[in-house]
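Colleague: Handing you this structure, nothing more for now.
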Amino acid sequence: MKIISLVLLCLSITVQAGPAIQTWETSNGAMVYFVPAPELPMADIRVVFDAGSAREGKKWGLAAMTSALLTEGADGLSAEQISEHFEDVGAQIGSGSLRDMAYVEVRTITEQKNFATALDGLAKVITKPDFPQAAFERQKKRTLIGLQQKKQSPSSIAQDAFYNAVYGDHPYAHPSEGNEQTVSQITRDDLTAFYKKWFTAKNAIVAIVGDLNTEQAKQAAEKVIGQLPVGKAAPCLPQVQDLTEEKTVRIYHPSSQTTIYVGQPGMKRGDPDYYALYVGNHSLGGSGLVSRLSDEVREKRGLSYSVYSYFLPMREKGPFMSGMQTRNDQVEEGLNVLKETISRYINEGQTEKEFTASVKNITGGFPLRIDNNRKIVEYLSMIGFYNLPLDYLDTFISKVESLTIDQTREAMKRRLDPNKMVTVIVGGSVEKNKEGS
């Protein structure tokens, strides 16, 4: 890979110079993506399943609980024994879930005995989870406590309201961790049924980066996932529908700061407009303090310490989202400036100066995004999960550099409509704060 080679030469990262991504299927049909990295005696393995919250139906929170319980008991081992199993060989294990996917990952040294022990533990967690009743009850209790705590966070409330307003009845609409009512109704049987349905080889991607040769990587993949049933890949999710009108959601919360989100459905992974939208958004609000939104909202008017915008590509259209927090007495002014800046930017597009700076910043910072094995294994799993081109990392910079300013302007204007965005406002009004004082 040209990009990985360049990073190696410039930053001495732990990736072999110029290797192509190697791919194959395990004996039971899981796709494997592998990059050898012999510079350090370490390996990162990440297994992802199309088993995120978009697959849980009305049992909101089920995917998150299932993933959390994988490391709480497997093949007769308790959570403590599993933890000790990995700690004894200097390995780290983790699991989690998002809207699109669930994942289990391990980082371990590749010394033969320790590596074999880590693989054995990972295989048990993935293929032989017990979902112990006591652990299930503890996790449910922790989840319910967390959901109670969310009620004290205006930003969490606003994010849930935003996804609900943008996605309606689509599986992306509900919070991944569920709510108190849905979580309370989840049973251990629900977890085992969810696991059996979605944690199969044909519904999995295995990503490996580390000090291994191809044969060792093949053996590792077989060890980790070879005992899973073949199963089948998850069906396509429903398409996300574009918004047909503007919508505003206001939620009172007794806080001194108000959270504001503005956005709409954006793009999915592999979208042909991905690079143009990525560069286009960079100077709107994707580059931190050096952006149009930051200049208008923060620098010129002092309305918010932080203001931003981003696209979050997913299996189907993830959101375009802009956000800020401001004092309750500045909400209307802050919201007006935020929306006016977005609208003007969409209609007029980047300036030449903004476009040049965005391209330079993105291409200059890209090597840092793949400067260690852990980051690369995440990219490998993303490439496999979303079926992106194998040369994605190699061609990222050249695709950004090949863009023209007209392409970014046209893409932003065609894909975003300032008159059909969701606005979510969560915080305390000045009047209600006065009434309560």
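To be explicit about the labels: the chains of the structure tokens are called A, B, and onward in the order shown, and within each one the residues are counted from 1, while ligands get numbers from 1 in the order they are shown.
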Could you produce a table of the residues of region 120-215 of chain A lying within 8 Å of region 88-100 of chain A, with the nearest pair of atoms per residue and their separation in Å rounded to one decimal, using only C-alpha atoms, ordered by chain and increasing residue number, as CSV?

Modeller:
residue,atom,partner,partner_atom,distance
A:Leu122,CA,A:Ile93,CA,7.8
A:Tyr172,CA,A:Arg99,CA,6.6
A:Ser176,CA,A:Arg99,CA,6.2

Colleague: Please, could you write that set of residues out with N, CA and C atoms as a compact mmCIF listing (two decimals), in the first residue's frame?

Modeller:
# COMPACT_ATOMS: atom_id res chain seq x y z
N LEU A 122 -10.49 -15.98 23.35
CA LEU A 122 -11.34 -15.24 22.40
C LEU A 122 -12.35 -16.18 21.74
N TYR A 172 -32.77 2.73 12.79
CA TYR A 172 -31.78 3.65 13.36
C TYR A 172 -32.40 4.63 14.36
N SER A 176 -29.52 3.03 21.03
CA SER A 176 -28.90 1.71 21.02
C SER A 176 -28.98 1.02 22.38

Colleague: Which residues of region 64-123 of chain A sit at most 10 Å from region 186-205 of chain A, using only C-alpha atoms? Give each one's shortest atom pair and distance in Å (one decimal place), in chain and ascending residue order, as CSV.

Modeller:
residue,atom,partner,partner_atom,distance
A:Ala64,CA,A:Leu191,CA,9.8
A:Met65,CA,A:Leu191,CA,7.5
A:Thr66,CA,A:Leu191,CA,5.5
A:Ser67,CA,A:Tyr195,CA,8.8
A:Leu69,CA,A:Leu191,CA,8.8
A:Leu70,CA,A:Tyr195,CA,9.6
A:Met101,CA,A:Ala204,CA,9.6
A:Ala102,CA,A:Phe199,CA,9.1
A:Tyr103,CA,A:Ala204,CA,9.3

Colleague: Just write the chosen residues, C-alpha atoms, as an mmCIF file, in the first residue's frame.

Modeller:
data_model
loop_
_atom_site.group_PDB
_atom_site.id
_atom_site.type_symbol
_atom_site.label_atom_id
_atom_site.label_comp_id
_atom_site.auth_asym_id
_atom_site.auth_seq_id
_atom_site.Cartn_x
_atom_site.Cartn_y
_atom_site.Cartn_z
ATOM 1 C CA ALA A 64 -25.924 -3.851 23.606
ATOM 2 C CA MET A 65 -26.714 -6.257 26.440
ATOM 3 C CA THR A 66 -25.836 -9.292 24.337
ATOM 4 C CA SER A 67 -22.436 -7.856 23.437
ATOM 5 C CA LEU A 69 -22.528 -10.314 28.331
ATOM 6 C CA LEU A 70 -20.123 -12.099 25.970
ATOM 7 C CA MET A 101 -22.516 -3.794 14.279
ATOM 8 C CA ALA A 102 -21.408 -5.723 17.325
ATOM 9 C CA TYR A 103 -17.724 -6.424 17.877
#

Colleague: Taking the DSSP secondary structure from the backbone, can you list the residues of region 261-397 of chain A that are alpha helix (DSSP H), as a ChimeraX atom specification?

Modeller: /A:274-281,292-293,331-348,352-365,373-385,392-397

Colleague: Between CA of Val400 (chain A) and CA of Ser306 (chain A), what is the distance, to one decimal in Å?

Modeller: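 Atom-to-atom, CA of Val400 (chain A) and CA of Ser306 (chain A) are spaced 26.4 Å apart.
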
Colleague: From the list A:Val337, A:Ile45, A:Ala411, A:Met267, which residue is nearest Gln350 (chain A) when using only C-alpha atoms?

Modeller: A:Ala411

Colleague: Can you pull out every residue from region 51-225 of chain A that DSSP, working from the backbone, puts in strand (DSSP E), and format the result as a ChimeraX atom specification?

Modeller: /A:73-74,77-78,92-97,102-109,204-210

Colleague: Just N, CA and C atoms for this one: save the residues we selected as a PDB file, in the first residue's frame.

Modeller:
ATOM      1  N   GLY A  73     -19.170 -14.540  30.868  1.00  0.00           N
ATOM      2  CA  GLY A  73     -19.259 -15.966  31.133  1.00  0.00           C
ATOM      3  C   GLY A  73     -19.224 -16.742  29.827  1.00  0.00           C
ATOM      4  N   ALA A  74     -18.310 -17.718  29.727  1.00  0.00           N
ATOM      5  CA  ALA A  74     -18.183 -18.488  28.486  1.00  0.00           C
ATOM      6  C   ALA A  74     -17.549 -19.846  28.783  1.00  0.00           C
ATOM      7  N   LEU A  77     -16.575 -20.613  32.257  1.00  0.00           N
ATOM      8  CA  LEU A  77     -15.725 -19.642  32.953  1.00  0.00           C
ATOM      9  C   LEU A  77     -16.557 -18.436  33.388  1.00  0.00           C
ATOM     10  N   SER A  78     -16.269 -17.936  34.582  1.00  0.00           N
ATOM     11  CA  SER A  78     -16.939 -16.735  35.063  1.00  0.00           C
ATOM     12  C   SER A  78     -16.282 -15.504  34.457  1.00  0.00           C
ATOM     13  N   GLN A  92      -5.555  -8.084  26.149  1.00  0.00           N
ATOM     14  CA  GLN A  92      -6.712  -7.252  26.478  1.00  0.00           C
ATOM     15  C   GLN A  92      -7.875  -7.653  25.583  1.00  0.00           C
ATOM     16  N   ILE A  93      -9.065  -7.765  26.180  1.00  0.00           N
ATOM     17  CA  ILE A  93     -10.247  -8.118  25.403  1.00  0.00           C
ATOM     18  C   ILE A  93     -11.338  -7.082  25.645  1.00  0.00           C
ATOM     19  N   GLY A  94     -12.143  -6.846  24.625  1.00  0.00           N
ATOM     20  CA  GLY A  94     -13.242  -5.909  24.758  1.00  0.00           C
ATOM     21  C   GLY A  94     -14.360  -6.277  23.812  1.00  0.00           C
ATOM     22  N   SER A  95     -15.550  -5.805  24.107  1.00  0.00           N
ATOM     23  CA  SER A  95     -16.696  -6.043  23.237  1.00  0.00           C
ATOM     24  C   SER A  95     -17.621  -4.844  23.311  1.00  0.00           C
ATOM     25  N   GLY A  96     -18.484  -4.720  22.317  1.00  0.00           N
ATOM     26  CA  GLY A  96     -19.414  -3.598  22.300  1.00  0.00           C
ATOM     27  C   GLY A  96     -20.324  -3.684  21.102  1.00  0.00           C
ATOM     28  N   SER A  97     -21.221  -2.708  20.986  1.00  0.00           N
ATOM     29  CA  SER A  97     -22.122  -2.689  19.844  1.00  0.00           C
ATOM     30  C   SER A  97     -22.475  -1.257  19.481  1.00  0.00           C
ATOM     31  N   ALA A 102     -21.952  -5.314  16.035  1.00  0.00           N
ATOM     32  CA  ALA A 102     -21.408  -5.723  17.325  1.00  0.00           C
ATOM     33  C   ALA A 102     -19.981  -6.186  17.084  1.00  0.00           C
ATOM     34  N   TYR A 103     -19.123  -6.052  18.082  1.00  0.00           N
ATOM     35  CA  TYR A 103     -17.724  -6.424  17.877  1.00  0.00           C
ATOM     36  C   TYR A 103     -17.125  -7.027  19.138  1.00  0.00           C
ATOM     37  N   VAL A 104     -16.132  -7.877  18.909  1.00  0.00           N
ATOM     38  CA  VAL A 104     -15.282  -8.416  19.969  1.00  0.00           C
ATOM     39  C   VAL A 104     -13.856  -8.261  19.485  1.00  0.00           C
ATOM     40  N   GLU A 105     -12.978  -7.772  20.337  1.00  0.00           N
ATOM     41  CA  GLU A 105     -11.602  -7.530  19.906  1.00  0.00           C
ATOM     42  C   GLU A 105     -10.621  -7.929  20.990  1.00  0.00           C
ATOM     43  N   VAL A 106      -9.425  -8.297  20.548  1.00  0.00           N
ATOM     44  CA  VAL A 106      -8.368  -8.652  21.488  1.00  0.00           C
ATOM     45  C   VAL A 106      -7.046  -8.114  20.976  1.00  0.00           C
ATOM     46  N   ARG A 107      -6.209  -7.701  21.897  1.00  0.00           N
ATOM     47  CA  ARG A 107      -4.825  -7.316  21.600  1.00  0.00           C
ATOM     48  C   ARG A 107      -3.935  -8.221  22.436  1.00  0.00           C
ATOM     49  N   THR A 108      -2.960  -8.855  21.781  1.00  0.00           N
ATOM     50  CA  THR A 108      -2.132  -9.829  22.472  1.00  0.00           C
ATOM     51  C   THR A 108      -0.735  -9.867  21.873  1.00  0.00           C
ATOM     52  N   ILE A 109       0.216 -10.330  22.667  1.00  0.00           N
ATOM     53  CA  ILE A 109       1.547 -10.581  22.116  1.00  0.00           C
ATOM     54  C   ILE A 109       1.483 -11.884  21.318  1.00  0.00           C
ATOM     55  N   ALA A 204     -20.274 -12.497   9.805  1.00  0.00           N
ATOM     56  CA  ALA A 204     -19.106 -12.001  10.535  1.00  0.00           C
ATOM     57  C   ALA A 204     -17.982 -11.572   9.598  1.00  0.00           C
ATOM     58  N   ILE A 205     -17.175 -10.655  10.096  1.00  0.00           N
ATOM     59  CA  ILE A 205     -15.932 -10.238   9.454  1.00  0.00           C
ATOM     60  C   ILE A 205     -14.824 -10.345  10.488  1.00  0.00           C
ATOM     61  N   VAL A 206     -13.703 -10.952  10.111  1.00  0.00           N
ATOM     62  CA  VAL A 206     -12.548 -11.057  10.992  1.00  0.00           C
ATOM     63  C   VAL A 206     -11.432 -10.191  10.429  1.00  0.00           C
ATOM     64  N   ALA A 207     -10.928  -9.265  11.236  1.00  0.00           N
ATOM     65  CA  ALA A 207      -9.814  -8.405  10.828  1.00  0.00           C
ATOM     66  C   ALA A 207      -8.617  -8.704  11.727  1.00  0.00           C
ATOM     67  N   ILE A 208      -7.441  -8.885  11.107  1.00  0.00           N
ATOM     68  CA  ILE A 208      -6.226  -9.231  11.849  1.00  0.00           C
ATOM     69  C   ILE A 208      -5.074  -8.355  11.364  1.00  0.00           C
ATOM     70  N   VAL A 209      -4.373  -7.748  12.295  1.00  0.00           N
ATOM     71  CA  VAL A 209      -3.150  -7.005  11.987  1.00  0.00           C
ATOM     72  C   VAL A 209      -2.108  -7.394  13.020  1.00  0.00           C
ATOM     73  N   GLY A 210      -0.929  -7.815  12.574  1.00  0.00           N
ATOM     74  CA  GLY A 210       0.081  -8.142  13.565  1.00  0.00           C
ATOM     75  C   GLY A 210       1.237  -8.950  13.035  1.00  0.00           C
TER      76      GLY A 210
END

Colleague: Tell me, as a CSV table (one decimal) with C-alpha atoms, in the first residue's frame, which residues lie within 9 Å of Ile260 (chain A), counting only C-alpha atoms; anything in the same chain fewer than 2 positions away does not count.

Modeller:
chain,number,residue,atom,x,y,z
A,155,SER,CA,-26.9,16.2,25.2
A,158,ALA,CA,-31.0,15.7,22.6
A,258,THR,CA,-29.1,24.4,26.2
A,262,VAL,CA,-29.6,20.4,13.6
A,322,SER,CA,-24.4,19.9,13.5
A,323,GLY,CA,-24.4,20.8,17.2
A,324,MET,CA,-23.6,23.3,19.9
A,325,GLN,CA,-24.3,24.2,23.5
A,326,THR,CA,-25.1,27.8,24.6
A,331,VAL,CA,-30.7,30.0,22.4
A,334,GLY,CA,-27.3,30.9,18.6
A,335,LEU,CA,-29.8,28.8,16.7
A,423,THR,CA,-33.8,21.0,14.9
A,424,VAL,CA,-33.7,19.6,18.5
A,425,ILE,CA,-33.4,22.0,21.4
A,426,VAL,CA,-32.9,20.6,25.0
A,427,GLY,CA,-32.4,22.9,28.0

Colleague: Considering only C-alpha atoms, state which residue in the set A:Leu147, A:Ala37, A:Ala234, A:Val47 is at the smallest distance from Asn213 (chain A).

Modeller: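 Among the listed residues, the smallest separation from Asn213 (chain A) belongs to A:Ala37.
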
Colleague: For CA of Gly280 (chain A) and CA of Met412 (chain A), determine how far apart the two atoms are, in Å to one decimal place.

Modeller: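 Spanning CA of Gly280 (chain A) to CA of Met412 (chain A) is a straight-line distance of 6.5 Å.
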